$ cat work.cif   # mmCIF, C-alpha atoms
data_coords
#
loop_
_atom_site.group_PDB
_atom_site.id
_atom_site.type_symbol
_atom_site.label_atom_id
_atom_site.label_comp_id
_atom_site.auth_asym_id
_atom_site.auth_seq_id
_atom_site.Cartn_x
_atom_site.Cartn_y
_atom_site.Cartn_z
ATOM 1 C CA MET A 1 51.399 -88.662 -245.196
ATOM 2 C CA ALA A 2 53.232 -91.171 -243.012
ATOM 3 C CA HIS A 3 54.110 -94.487 -244.610
ATOM 4 C CA PRO A 4 55.505 -97.810 -243.373
ATOM 5 C CA THR A 5 59.298 -98.050 -242.805
ATOM 6 C CA GLN A 6 59.464 -94.244 -242.996
ATOM 7 C CA LEU A 7 62.730 -92.850 -241.604
ATOM 8 C CA GLY A 8 62.524 -89.061 -241.769
ATOM 9 C CA PHE A 9 59.814 -86.429 -241.503
ATOM 10 C CA GLN A 10 56.752 -86.459 -243.731
ATOM 11 C CA ASP A 11 56.996 -84.298 -246.862
ATOM 12 C CA ALA A 12 56.549 -80.667 -245.924
ATOM 13 C CA ALA A 13 53.266 -79.049 -246.892
ATOM 14 C CA SER A 14 54.015 -75.589 -245.519
ATOM 15 C CA PRO A 15 56.994 -73.217 -245.842
ATOM 16 C CA VAL A 16 57.741 -73.425 -242.120
ATOM 17 C CA MET A 17 57.842 -77.207 -242.164
ATOM 18 C CA GLU A 18 60.208 -77.068 -245.158
ATOM 19 C CA GLU A 19 62.590 -74.902 -243.147
ATOM 20 C CA LEU A 20 62.348 -77.206 -240.142
ATOM 21 C CA LEU A 21 63.016 -80.230 -242.328
ATOM 22 C CA HIS A 22 66.135 -78.700 -243.895
ATOM 23 C CA PHE A 23 67.417 -77.525 -240.516
ATOM 24 C CA HIS A 24 66.889 -80.991 -239.110
ATOM 25 C CA ASP A 25 68.890 -82.480 -242.031
ATOM 26 C CA HIS A 26 71.680 -79.980 -241.392
ATOM 27 C CA ALA A 27 71.847 -80.595 -237.625
ATOM 28 C CA LEU A 28 71.581 -84.350 -238.031
ATOM 29 C CA MET A 29 74.469 -84.383 -240.546
ATOM 30 C CA ILE A 30 76.642 -82.579 -237.994
ATOM 31 C CA VAL A 31 75.597 -85.087 -235.346
ATOM 32 C CA PHE A 32 76.432 -88.017 -237.633
ATOM 33 C CA LEU A 33 79.856 -86.560 -238.501
ATOM 34 C CA ILE A 34 80.790 -85.978 -234.871
ATOM 35 C CA SER A 35 79.523 -89.400 -233.812
ATOM 36 C CA THR A 36 81.448 -91.123 -236.587
ATOM 37 C CA LEU A 37 84.623 -89.274 -235.619
ATOM 38 C CA VAL A 38 84.241 -90.152 -231.948
ATOM 39 C CA LEU A 39 83.436 -93.775 -232.723
ATOM 40 C CA TYR A 40 86.495 -93.985 -234.954
ATOM 41 C CA ILE A 41 88.694 -92.508 -232.253
ATOM 42 C CA ILE A 42 87.323 -94.909 -229.636
ATOM 43 C CA ILE A 43 87.951 -97.918 -231.860
ATOM 44 C CA ALA A 44 91.415 -96.657 -232.769
ATOM 45 C CA MET A 45 92.340 -96.095 -229.125
ATOM 46 C CA VAL A 46 91.036 -99.445 -228.018
ATOM 47 C CA SER A 47 92.611 -101.498 -230.786
ATOM 48 C CA THR A 48 96.253 -100.416 -230.682
ATOM 49 C CA LYS A 49 99.185 -101.919 -228.871
ATOM 50 C CA LEU A 50 101.072 -98.614 -228.895
ATOM 51 C CA THR A 51 101.265 -96.704 -225.631
ATOM 52 C CA ASN A 52 102.658 -93.294 -224.795
ATOM 53 C CA LYS A 53 103.232 -92.459 -221.163
ATOM 54 C CA TYR A 54 105.053 -89.141 -221.586
ATOM 55 C CA ILE A 55 102.570 -86.569 -222.902
ATOM 56 C CA LEU A 56 102.080 -83.833 -220.337
ATOM 57 C CA ASP A 57 100.311 -80.991 -222.160
ATOM 58 C CA SER A 58 99.611 -79.843 -225.677
ATOM 59 C CA GLN A 59 98.422 -76.310 -226.161
ATOM 60 C CA GLU A 60 97.715 -76.630 -229.890
ATOM 61 C CA ILE A 61 95.261 -79.508 -229.865
ATOM 62 C CA GLU A 62 93.483 -78.061 -226.824
ATOM 63 C CA ILE A 63 92.920 -74.852 -228.764
ATOM 64 C CA VAL A 64 91.646 -76.747 -231.796
ATOM 65 C CA TRP A 65 89.197 -78.882 -229.901
ATOM 66 C CA THR A 66 87.828 -75.856 -228.114
ATOM 67 C CA ILE A 67 87.466 -73.505 -231.077
ATOM 68 C CA LEU A 68 86.147 -76.106 -233.513
ATOM 69 C CA PRO A 69 83.163 -77.168 -231.347
ATOM 70 C CA ALA A 70 82.362 -73.514 -230.716
ATOM 71 C CA VAL A 71 82.293 -72.916 -234.461
ATOM 72 C CA ILE A 72 80.092 -75.958 -234.979
ATOM 73 C CA LEU A 73 77.671 -74.718 -232.334
ATOM 74 C CA VAL A 74 77.448 -71.342 -234.048
ATOM 75 C CA LEU A 75 76.744 -73.108 -237.336
ATOM 76 C CA ILE A 76 73.822 -74.831 -235.643
ATOM 77 C CA ALA A 77 72.585 -71.817 -233.683
ATOM 78 C CA LEU A 78 72.349 -69.375 -236.586
ATOM 79 C CA PRO A 79 69.868 -71.326 -238.746
ATOM 80 C CA SER A 80 68.007 -72.363 -235.585
ATOM 81 C CA LEU A 81 67.434 -68.772 -234.475
ATOM 82 C CA ARG A 82 66.545 -67.757 -238.016
ATOM 83 C CA ILE A 83 63.730 -70.301 -238.038
ATOM 84 C CA LEU A 84 62.647 -69.360 -234.524
ATOM 85 C CA TYR A 85 62.157 -65.741 -235.556
ATOM 86 C CA LEU A 86 60.584 -66.762 -238.848
ATOM 87 C CA MET A 87 57.954 -68.770 -236.979
ATOM 88 C CA ASP A 88 57.277 -65.770 -234.766
ATOM 89 C CA GLU A 89 56.639 -63.326 -237.596
ATOM 90 C CA ILE A 90 53.438 -61.355 -237.526
ATOM 91 C CA ASN A 91 51.274 -62.806 -240.227
ATOM 92 C CA ASP A 92 48.097 -61.366 -241.667
ATOM 93 C CA PRO A 93 45.647 -64.265 -241.817
ATOM 94 C CA HIS A 94 42.963 -64.492 -244.504
ATOM 95 C CA LEU A 95 40.868 -66.889 -242.480
ATOM 96 C CA THR A 96 40.359 -67.922 -238.857
ATOM 97 C CA ILE A 97 39.293 -71.421 -237.882
ATOM 98 C CA LYS A 98 38.668 -72.635 -234.361
ATOM 99 C CA ALA A 99 39.607 -76.223 -233.531
ATOM 100 C CA MET A 100 37.894 -77.393 -230.352
ATOM 101 C CA GLY A 101 38.987 -80.650 -228.716
ATOM 102 C CA HIS A 102 36.384 -82.899 -227.150
ATOM 103 C CA GLN A 103 36.426 -86.395 -225.739
ATOM 104 C CA TRP A 104 36.906 -87.889 -228.340
ATOM 105 C CA TYR A 105 36.611 -85.823 -231.512
ATOM 106 C CA TRP A 106 37.501 -82.408 -232.892
ATOM 107 C CA SER A 107 35.004 -79.757 -233.905
ATOM 108 C CA TYR A 108 35.799 -76.946 -236.320
ATOM 109 C CA GLU A 109 34.200 -73.500 -236.414
ATOM 110 C CA TYR A 110 34.448 -71.132 -239.368
ATOM 111 C CA THR A 111 32.780 -67.961 -238.099
ATOM 112 C CA ASP A 112 34.349 -65.083 -240.056
ATOM 113 C CA TYR A 113 31.173 -64.658 -242.118
ATOM 114 C CA GLU A 114 28.478 -67.187 -241.220
ATOM 115 C CA ASN A 115 28.387 -69.577 -238.289
ATOM 116 C CA LEU A 116 29.721 -72.771 -239.819
ATOM 117 C CA GLY A 117 30.534 -75.490 -237.306
ATOM 118 C CA PHE A 118 30.822 -79.258 -237.574
ATOM 119 C CA ASP A 119 32.226 -82.257 -235.734
ATOM 120 C CA SER A 120 34.982 -84.479 -237.058
ATOM 121 C CA TYR A 121 34.884 -88.096 -235.866
ATOM 122 C CA MET A 122 37.331 -90.835 -236.769
ATOM 123 C CA VAL A 123 36.044 -93.325 -239.348
ATOM 124 C CA PRO A 124 35.844 -96.692 -237.512
ATOM 125 C CA THR A 125 38.083 -99.372 -238.995
ATOM 126 C CA GLN A 126 35.198 -101.566 -240.145
ATOM 127 C CA ASP A 127 33.705 -98.621 -242.088
ATOM 128 C CA LEU A 128 36.822 -97.770 -244.071
ATOM 129 C CA ALA A 129 36.614 -97.755 -247.863
ATOM 130 C CA PRO A 130 39.460 -99.462 -249.769
ATOM 131 C CA GLY A 131 42.497 -97.183 -249.906
ATOM 132 C CA GLN A 132 41.597 -95.200 -246.794
ATOM 133 C CA PHE A 133 43.957 -94.997 -243.838
ATOM 134 C CA ARG A 134 43.217 -96.847 -240.593
ATOM 135 C CA LEU A 135 42.854 -94.632 -237.486
ATOM 136 C CA LEU A 136 43.538 -91.501 -239.558
ATOM 137 C CA GLU A 137 40.439 -90.797 -241.656
ATOM 138 C CA THR A 138 37.579 -88.635 -240.397
ATOM 139 C CA ASP A 139 34.006 -88.176 -241.534
ATOM 140 C CA HIS A 140 34.438 -84.412 -242.050
ATOM 141 C CA ARG A 141 37.724 -82.811 -242.982
ATOM 142 C CA MET A 142 38.935 -79.350 -242.077
ATOM 143 C CA VAL A 143 39.034 -77.770 -245.529
ATOM 144 C CA VAL A 144 41.284 -74.757 -246.068
ATOM 145 C CA PRO A 145 42.141 -72.672 -249.133
ATOM 146 C CA MET A 146 45.683 -73.404 -250.331
ATOM 147 C CA GLU A 147 48.427 -70.759 -250.341
ATOM 148 C CA SER A 148 46.441 -68.618 -247.860
ATOM 149 C CA PRO A 149 47.661 -67.745 -244.375
ATOM 150 C CA VAL A 150 45.254 -69.466 -241.999
ATOM 151 C CA ARG A 151 44.961 -68.678 -238.285
ATOM 152 C CA ILE A 152 43.953 -71.644 -236.106
ATOM 153 C CA LEU A 153 42.658 -71.000 -232.589
ATOM 154 C CA VAL A 154 42.885 -74.196 -230.586
ATOM 155 C CA SER A 155 40.937 -74.863 -227.416
ATOM 156 C CA ALA A 156 39.189 -77.695 -225.615
ATOM 157 C CA GLU A 157 35.761 -78.259 -224.144
ATOM 158 C CA ASP A 158 36.689 -80.802 -221.491
ATOM 159 C CA VAL A 159 40.243 -82.030 -220.900
ATOM 160 C CA LEU A 160 43.631 -81.282 -222.433
ATOM 161 C CA HIS A 161 44.088 -82.258 -226.065
ATOM 162 C CA SER A 162 46.626 -81.204 -228.682
ATOM 163 C CA TRP A 163 46.043 -80.351 -232.341
ATOM 164 C CA ALA A 164 48.916 -81.559 -234.478
ATOM 165 C CA VAL A 165 49.508 -81.928 -238.226
ATOM 166 C CA PRO A 166 53.166 -82.910 -238.808
ATOM 167 C CA SER A 167 53.343 -82.172 -242.545
ATOM 168 C CA LEU A 168 52.198 -78.598 -241.879
ATOM 169 C CA GLY A 169 54.662 -78.262 -238.984
ATOM 170 C CA VAL A 170 51.876 -77.478 -236.514
ATOM 171 C CA LYS A 171 51.238 -78.658 -232.982
ATOM 172 C CA MET A 172 49.284 -76.647 -230.432
ATOM 173 C CA ASP A 173 47.914 -77.700 -227.061
ATOM 174 C CA ALA A 174 44.165 -77.490 -226.559
ATOM 175 C CA VAL A 175 43.532 -76.152 -223.060
ATOM 176 C CA PRO A 176 40.021 -75.650 -221.665
ATOM 177 C CA GLY A 177 39.332 -71.960 -221.100
ATOM 178 C CA ARG A 178 42.311 -70.861 -223.179
ATOM 179 C CA LEU A 179 42.563 -69.877 -226.829
ATOM 180 C CA ASN A 180 45.925 -70.846 -228.338
ATOM 181 C CA GLN A 181 46.847 -69.315 -231.660
ATOM 182 C CA THR A 182 48.912 -70.880 -234.403
ATOM 183 C CA ALA A 183 49.075 -70.308 -238.143
ATOM 184 C CA PHE A 184 50.148 -72.022 -241.316
ATOM 185 C CA ILE A 185 50.117 -71.721 -245.085
ATOM 186 C CA ALA A 186 49.377 -74.865 -247.101
ATOM 187 C CA SER A 187 51.843 -74.479 -249.962
ATOM 188 C CA ARG A 188 50.213 -77.170 -252.074
ATOM 189 C CA PRO A 189 46.774 -78.783 -252.395
ATOM 190 C CA GLY A 190 46.479 -82.094 -250.604
ATOM 191 C CA VAL A 191 45.232 -84.046 -247.634
ATOM 192 C CA PHE A 192 47.296 -83.825 -244.450
ATOM 193 C CA TYR A 193 46.832 -86.055 -241.437
ATOM 194 C CA GLY A 194 47.556 -85.656 -237.752
ATOM 195 C CA GLN A 195 46.591 -87.158 -234.424
ATOM 196 C CA CYS A 196 45.636 -85.858 -231.010
ATOM 197 C CA SER A 197 48.893 -85.238 -229.172
ATOM 198 C CA GLU A 198 47.920 -84.961 -225.513
ATOM 199 C CA ILE A 199 46.589 -87.897 -223.521
ATOM 200 C CA CYS A 200 42.895 -87.312 -223.025
ATOM 201 C CA GLY A 201 41.293 -90.563 -221.975
ATOM 202 C CA ALA A 202 40.256 -93.884 -223.440
ATOM 203 C CA ASN A 203 40.014 -92.831 -227.086
ATOM 204 C CA HIS A 204 42.941 -90.456 -227.228
ATOM 205 C CA SER A 205 44.436 -92.478 -230.103
ATOM 206 C CA PHE A 206 41.159 -92.377 -232.022
ATOM 207 C CA MET A 207 40.518 -88.688 -232.619
ATOM 208 C CA PRO A 208 42.603 -87.818 -235.675
ATOM 209 C CA ILE A 209 42.818 -84.566 -237.607
ATOM 210 C CA VAL A 210 42.521 -84.263 -241.376
ATOM 211 C CA VAL A 211 43.251 -81.004 -243.180
ATOM 212 C CA GLU A 212 42.316 -80.754 -246.856
ATOM 213 C CA ALA A 213 43.885 -77.886 -248.795
ATOM 214 C CA VAL A 214 42.026 -76.946 -251.981
ATOM 215 C CA PRO A 215 41.920 -74.002 -254.412
ATOM 216 C CA LEU A 216 39.921 -71.026 -253.178
ATOM 217 C CA GLU A 217 36.846 -71.613 -255.400
ATOM 218 C CA HIS A 218 36.597 -75.193 -254.168
ATOM 219 C CA PHE A 219 36.835 -73.931 -250.599
ATOM 220 C CA GLU A 220 34.024 -71.439 -251.215
ATOM 221 C CA ASN A 221 31.841 -74.165 -252.789
ATOM 222 C CA TRP A 222 32.562 -76.502 -249.903
ATOM 223 C CA SER A 223 31.669 -73.922 -247.255
ATOM 224 C CA SER A 224 28.386 -73.065 -249.028
ATOM 225 C CA LEU A 225 27.512 -76.775 -249.183
ATOM 226 C CA MET A 226 28.386 -77.266 -245.511
ATOM 227 C CA LEU A 227 26.237 -74.303 -244.502
ATOM 228 C CA GLU A 228 23.269 -75.703 -246.436
ATOM 229 C CA ASP A 229 23.639 -79.109 -244.815
ATOM 230 C CA ALA A 230 23.843 -77.707 -241.304
ATOM 231 C CA MET B 231 36.564 -40.593 -223.928
ATOM 232 C CA TYR B 232 33.694 -38.502 -225.188
ATOM 233 C CA PHE B 233 33.251 -37.692 -228.864
ATOM 234 C CA SER B 234 31.082 -35.122 -230.557
ATOM 235 C CA LEU B 235 28.312 -36.294 -232.869
ATOM 236 C CA SER B 236 30.244 -35.278 -235.984
ATOM 237 C CA GLU B 237 33.331 -37.177 -234.795
ATOM 238 C CA LEU B 238 31.139 -40.214 -234.197
ATOM 239 C CA ARG B 239 29.744 -39.885 -237.730
ATOM 240 C CA VAL B 240 33.253 -39.825 -239.248
ATOM 241 C CA MET B 241 34.280 -42.824 -237.136
ATOM 242 C CA ALA B 242 31.146 -44.658 -238.258
ATOM 243 C CA GLU B 243 32.069 -44.156 -241.909
ATOM 244 C CA ASP B 244 35.600 -45.447 -241.309
ATOM 245 C CA ILE B 245 34.268 -48.502 -239.528
ATOM 246 C CA GLN B 246 31.816 -49.102 -242.408
ATOM 247 C CA GLN B 247 34.725 -49.204 -244.855
ATOM 248 C CA LYS B 248 36.725 -51.520 -242.626
ATOM 249 C CA LEU B 249 33.708 -53.798 -242.247
ATOM 250 C CA GLU B 250 33.139 -54.018 -246.000
ATOM 251 C CA LYS B 251 36.700 -55.248 -246.500
ATOM 252 C CA TYR B 252 36.609 -57.545 -243.473
ATOM 253 C CA ARG B 253 38.211 -60.932 -243.990
ATOM 254 C CA THR B 254 39.077 -62.043 -240.500
ATOM 255 C CA ALA B 255 40.229 -60.533 -237.226
ATOM 256 C CA PRO B 256 43.443 -58.618 -238.015
ATOM 257 C CA PHE B 257 46.613 -58.719 -235.957
ATOM 258 C CA ASP B 258 46.050 -56.836 -232.695
ATOM 259 C CA ALA B 259 49.256 -55.473 -231.160
ATOM 260 C CA ARG B 260 47.665 -55.590 -227.702
ATOM 261 C CA PHE B 261 47.664 -59.387 -227.968
ATOM 262 C CA PRO B 262 50.772 -60.311 -229.935
ATOM 263 C CA ASN B 263 51.394 -63.752 -228.477
ATOM 264 C CA GLN B 264 50.082 -67.270 -228.498
ATOM 265 C CA ASN B 265 47.411 -66.773 -225.860
ATOM 266 C CA GLN B 266 44.474 -65.061 -227.571
ATOM 267 C CA THR B 267 41.942 -65.673 -224.780
ATOM 268 C CA ARG B 268 41.968 -62.045 -223.755
ATOM 269 C CA ASN B 269 41.616 -60.865 -227.364
ATOM 270 C CA CYS B 270 38.303 -62.737 -227.660
ATOM 271 C CA TRP B 271 37.115 -61.574 -224.223
ATOM 272 C CA GLN B 272 38.057 -57.945 -224.798
ATOM 273 C CA ASN B 273 36.240 -57.668 -228.127
ATOM 274 C CA TYR B 274 33.140 -59.353 -226.733
ATOM 275 C CA VAL B 275 33.036 -57.004 -223.780
ATOM 276 C CA ASP B 276 33.894 -53.961 -225.937
ATOM 277 C CA PHE B 277 30.975 -54.707 -228.278
ATOM 278 C CA TYR B 278 28.391 -54.732 -225.507
ATOM 279 C CA ARG B 279 29.934 -51.740 -223.762
ATOM 280 C CA CYS B 280 29.981 -49.821 -227.064
ATOM 281 C CA GLN B 281 26.380 -50.768 -227.719
ATOM 282 C CA LYS B 282 25.321 -49.674 -224.252
ATOM 283 C CA ALA B 283 27.215 -46.380 -224.540
ATOM 284 C CA LEU B 284 25.935 -45.471 -228.003
ATOM 285 C CA ASP B 285 22.391 -46.507 -227.102
ATOM 286 C CA ALA B 286 22.554 -44.194 -224.104
ATOM 287 C CA LYS B 287 23.546 -41.347 -226.422
ATOM 288 C CA GLY B 288 20.771 -42.249 -228.847
ATOM 289 C CA VAL B 289 23.303 -42.692 -231.686
ATOM 290 C CA ASP B 290 23.370 -45.441 -234.326
ATOM 291 C CA THR B 291 25.323 -48.423 -232.915
ATOM 292 C CA ALA B 292 26.773 -49.456 -236.292
ATOM 293 C CA PRO B 293 30.393 -48.602 -235.334
ATOM 294 C CA CYS B 294 30.163 -51.274 -232.640
ATOM 295 C CA ASP B 295 29.817 -53.905 -235.361
ATOM 296 C CA TRP B 296 33.594 -54.050 -235.762
ATOM 297 C CA TYR B 297 33.941 -55.541 -232.288
ATOM 298 C CA LYS B 298 31.142 -57.951 -233.067
ATOM 299 C CA ARG B 299 32.822 -59.219 -236.247
ATOM 300 C CA VAL B 300 36.108 -59.664 -234.397
ATOM 301 C CA TYR B 301 34.644 -61.538 -231.448
ATOM 302 C CA LYS B 302 32.619 -63.719 -233.767
ATOM 303 C CA SER B 303 35.819 -64.632 -235.609
ATOM 304 C CA LEU B 304 37.849 -65.324 -232.503
ATOM 305 C CA CYS B 305 35.548 -66.661 -229.799
ATOM 306 C CA PRO B 306 34.389 -70.290 -229.708
ATOM 307 C CA LEU B 307 30.635 -70.583 -230.206
ATOM 308 C CA SER B 308 30.207 -72.317 -226.838
ATOM 309 C CA TRP B 309 31.886 -69.409 -225.044
ATOM 310 C CA ILE B 310 29.634 -66.875 -226.818
ATOM 311 C CA GLU B 311 26.520 -68.898 -225.900
ATOM 312 C CA LYS B 312 27.633 -69.175 -222.289
ATOM 313 C CA TRP B 313 28.372 -65.459 -222.003
ATOM 314 C CA ASP B 314 25.112 -64.486 -223.729
ATOM 315 C CA THR B 315 23.199 -66.608 -221.221
ATOM 316 C CA GLN B 316 25.154 -65.083 -218.352
ATOM 317 C CA ARG B 317 24.388 -61.578 -219.567
ATOM 318 C CA GLU B 318 20.686 -62.383 -219.735
ATOM 319 C CA ASP B 319 20.797 -63.899 -216.252
ATOM 320 C CA GLY B 320 22.804 -60.979 -214.903
ATOM 321 C CA THR B 321 25.714 -63.226 -213.894
ATOM 322 C CA PHE B 322 28.186 -62.073 -216.554
ATOM 323 C CA PRO B 323 31.591 -61.587 -214.859
ATOM 324 C CA GLY B 324 32.575 -58.527 -216.883
ATOM 325 C CA LYS B 325 31.426 -54.978 -216.321
ATOM 326 C CA ILE B 326 29.173 -53.773 -219.146
#
$ encode --input "work.cif" --output "structure tokens"
Amino acid sequence: MAHPTQLGFQDAASPVMEELLHFHDHALMIVFLISTLVLYIIIAMVSTKLTNKYILDSQEIEIVWTILPAVILVLIALPSLRILYLMDEINDPHLTIKAMGHQWYWSYEYTDYENLGFDSYMVPTQDLAPGQFRLLETDHRMVVPMESPVRILVSAEDVLHSWAVPSLGVKMDAVPGRLNQTAFIASRPGVFYGQCSEICGANHSFMPIVVEAVPLEHFENWSSLMLEDA
Amino acid sequence: MYFSLSELRVMAEDIQQKLEKYRTAPFDARFPNQNQTRNCWQNYVDFYRCQKALDAKGVDTAPCDWYKRVYKSLCPLSWIEKWDTQREDGTFPGKI
């Protein structure tokens, strides 16, 4: 859940997002250290009256400032590749949900057993209940069982959209005529928000995504109720 | 690709077991990447081809149900409706 004056990522709600978060912290620390060092050197160079006009070459420092950056790059590359391959692992989903982008709402289809489908419109600001989030709440949420690998197939019925939920570490473009696959595991129960991430017309900013992760029995009850209502 | 009736019967039993334990479309090594469009298309087309072939033999078309479950899991409802209409009209782009 994003909050005002937030600096970093939202709390991770999936194992992949946790990895991405930690990698980001690691890479950013390296960036801060290098930037601080460079800034210090710049200030030190600029603010001294000493001059030295007789240095011609210096093998040792050249070696150091070649090897050290190479080592730092390896220290960044190794965790990066580890996560890249981790995200690419073949998973065995328990459930498939289709997220279809429309102008300007998402529709979700759960068709593994019955044909459950419903639309998910943003709650207009004047209809919000106290405590609800402006421009983020929807009338129907995409409910998923927690701790289960879920496959999401993203597509669009008109123009390009993009289905994104930052706390789950998911973003996938919705292309008409194409079925894009992504997957996630919700490591904890909760409500996770996202917004359409590809410009799609007048109400592009007003077609949010809400994923609600619940225990399996609650998910089964919810899907029975939704099927009855349909 | 022709099977004897007894082979078809054995296959049908295997498919029955797989169908009873069906949760969702499993990983298909023919479509390992992000773009699953062809996975949906292939299973849709395979179901109707299987049905046509087994009907022609006069055999029970239950083994074809695997393809049906998979395409129902993967394909958007609007695509299925559009293709069903095209098949009825005779304008379906695939060969069945």
$ closest_atom_pairs --input "work.cif" --of "chain A" --to "chain B" --cutoff "12 Å" --atoms "all atoms listed in the file" --output "Markdown table"
| residue | atom | partner | partner_atom | distance |
| --- | --- | --- | --- | --- |
| A:Met87 | CA | B:Gln264 | CA | 11.7 |
| A:Asp88 | CA | B:Asn263 | CA | 8.8 |
| A:Glu89 | CA | B:Pro262 | CA | 10.1 |
| A:Ile90 | CA | B:Phe257 | CA | 7.5 |
| A:Asn91 | CA | B:Phe257 | CA | 7.5 |
| A:Asp92 | CA | B:Phe257 | CA | 6.5 |
| A:Pro93 | CA | B:Thr254 | CA | 7.1 |
| A:His94 | CA | B:Arg253 | CA | 6.0 |
| A:Leu95 | CA | B:Thr254 | CA | 5.5 |
| A:Thr96 | CA | B:Thr254 | CA | 6.2 |
| A:Ile97 | CA | B:Ser303 | CA | 8.0 |
| A:Lys98 | CA | B:Pro306 | CA | 6.7 |
| A:Ala99 | CA | B:Pro306 | CA | 8.8 |
| A:Met100 | CA | B:Pro306 | CA | 7.9 |
| A:Gly101 | CA | B:Pro306 | CA | 11.4 |
| A:Ser107 | CA | B:Pro306 | CA | 10.4 |
| A:Tyr108 | CA | B:Pro306 | CA | 9.5 |
| A:Glu109 | CA | B:Pro306 | CA | 7.4 |
| A:Tyr110 | CA | B:Ser303 | CA | 7.6 |
| A:Thr111 | CA | B:Ser303 | CA | 5.1 |
| A:Asp112 | CA | B:Ser303 | CA | 4.7 |
| A:Tyr113 | CA | B:Ser303 | CA | 8.0 |
| A:Glu114 | CA | B:Lys302 | CA | 9.2 |
| A:Asn115 | CA | B:Leu307 | CA | 8.4 |
| A:Leu116 | CA | B:Leu307 | CA | 9.9 |
| A:Gly117 | CA | B:Leu307 | CA | 8.6 |
| A:Phe118 | CA | B:Leu307 | CA | 11.4 |
| A:Ser148 | CA | B:Arg253 | CA | 11.9 |
| A:Pro149 | CA | B:Thr254 | CA | 11.0 |
| A:Val150 | CA | B:Thr254 | CA | 9.8 |
| A:Arg151 | CA | B:Thr254 | CA | 9.1 |
| A:Ile152 | CA | B:Leu304 | CA | 9.5 |
| A:Leu153 | CA | B:Leu304 | CA | 7.4 |
| A:Val154 | CA | B:Pro306 | CA | 9.4 |
| A:Ser155 | CA | B:Pro306 | CA | 8.3 |
| A:Ala156 | CA | B:Pro306 | CA | 9.7 |
| A:Glu157 | CA | B:Ser308 | CA | 8.6 |
| A:Asp158 | CA | B:Ser308 | CA | 11.9 |
| A:Met172 | CA | B:Gln264 | CA | 9.6 |
| A:Asp173 | CA | B:Gln264 | CA | 10.7 |
| A:Ala174 | CA | B:Asn265 | CA | 11.2 |
| A:Val175 | CA | B:Asn265 | CA | 10.5 |
| A:Pro176 | CA | B:Thr267 | CA | 10.6 |
| A:Gly177 | CA | B:Thr267 | CA | 7.7 |
| A:Arg178 | CA | B:Thr267 | CA | 5.4 |
| A:Leu179 | CA | B:Thr267 | CA | 4.7 |
| A:Asn180 | CA | B:Asn265 | CA | 5.0 |
| A:Gln181 | CA | B:Gln264 | CA | 5.0 |
| A:Thr182 | CA | B:Gln264 | CA | 7.0 |
| A:Ala183 | CA | B:Gln264 | CA | 10.2 |
$ write_last_selection --input "work.cif" --atoms "C-alpha atoms" --output "compact mmCIF listing (two decimals), keeping the file's coordinate frame"
# COMPACT_ATOMS: atom_id res chain seq x y z
CA MET A 87 57.95 -68.77 -236.98
CA ASP A 88 57.28 -65.77 -234.77
CA GLU A 89 56.64 -63.33 -237.60
CA ILE A 90 53.44 -61.36 -237.53
CA ASN A 91 51.27 -62.81 -240.23
CA ASP A 92 48.10 -61.37 -241.67
CA PRO A 93 45.65 -64.26 -241.82
CA HIS A 94 42.96 -64.49 -244.50
CA LEU A 95 40.87 -66.89 -242.48
CA THR A 96 40.36 -67.92 -238.86
CA ILE A 97 39.29 -71.42 -237.88
CA LYS A 98 38.67 -72.64 -234.36
CA ALA A 99 39.61 -76.22 -233.53
CA MET A 100 37.89 -77.39 -230.35
CA GLY A 101 38.99 -80.65 -228.72
CA SER A 107 35.00 -79.76 -233.90
CA TYR A 108 35.80 -76.95 -236.32
CA GLU A 109 34.20 -73.50 -236.41
CA TYR A 110 34.45 -71.13 -239.37
CA THR A 111 32.78 -67.96 -238.10
CA ASP A 112 34.35 -65.08 -240.06
CA TYR A 113 31.17 -64.66 -242.12
CA GLU A 114 28.48 -67.19 -241.22
CA ASN A 115 28.39 -69.58 -238.29
CA LEU A 116 29.72 -72.77 -239.82
CA GLY A 117 30.53 -75.49 -237.31
CA PHE A 118 30.82 -79.26 -237.57
CA SER A 148 46.44 -68.62 -247.86
CA PRO A 149 47.66 -67.74 -244.38
CA VAL A 150 45.25 -69.47 -242.00
CA ARG A 151 44.96 -68.68 -238.28
CA ILE A 152 43.95 -71.64 -236.11
CA LEU A 153 42.66 -71.00 -232.59
CA VAL A 154 42.88 -74.20 -230.59
CA SER A 155 40.94 -74.86 -227.42
CA ALA A 156 39.19 -77.69 -225.62
CA GLU A 157 35.76 -78.26 -224.14
CA ASP A 158 36.69 -80.80 -221.49
CA MET A 172 49.28 -76.65 -230.43
CA ASP A 173 47.91 -77.70 -227.06
CA ALA A 174 44.16 -77.49 -226.56
CA VAL A 175 43.53 -76.15 -223.06
CA PRO A 176 40.02 -75.65 -221.66
CA GLY A 177 39.33 -71.96 -221.10
CA ARG A 178 42.31 -70.86 -223.18
CA LEU A 179 42.56 -69.88 -226.83
CA ASN A 180 45.92 -70.85 -228.34
CA GLN A 181 46.85 -69.32 -231.66
CA THR A 182 48.91 -70.88 -234.40
CA ALA A 183 49.08 -70.31 -238.14
$ atom_distance --input "work.cif" --atom1 "CA of Trp222 (chain A)" --atom2 "CA of Val144 (chain A)"
9.7 Å
$ residues_around --input "work.cif" --residues "region 103-106 of chain A" --least-positions-apart "4" --cutoff "10 Å" --atoms "all atoms listed in the file" --output "PyMOL selection string"
chain A and resi 98-99+118-122+138+140+142+155-161+163+196+200-209
$ residues_around --input "work.cif" --residues "Gln246 (chain B)" --least-positions-apart "3" --cutoff "9 Å" --atoms "all atoms listed in the file" --output "VMD selection string"
chain B and resid 241 to 243 249 to 251 292 to 293 295 to 296
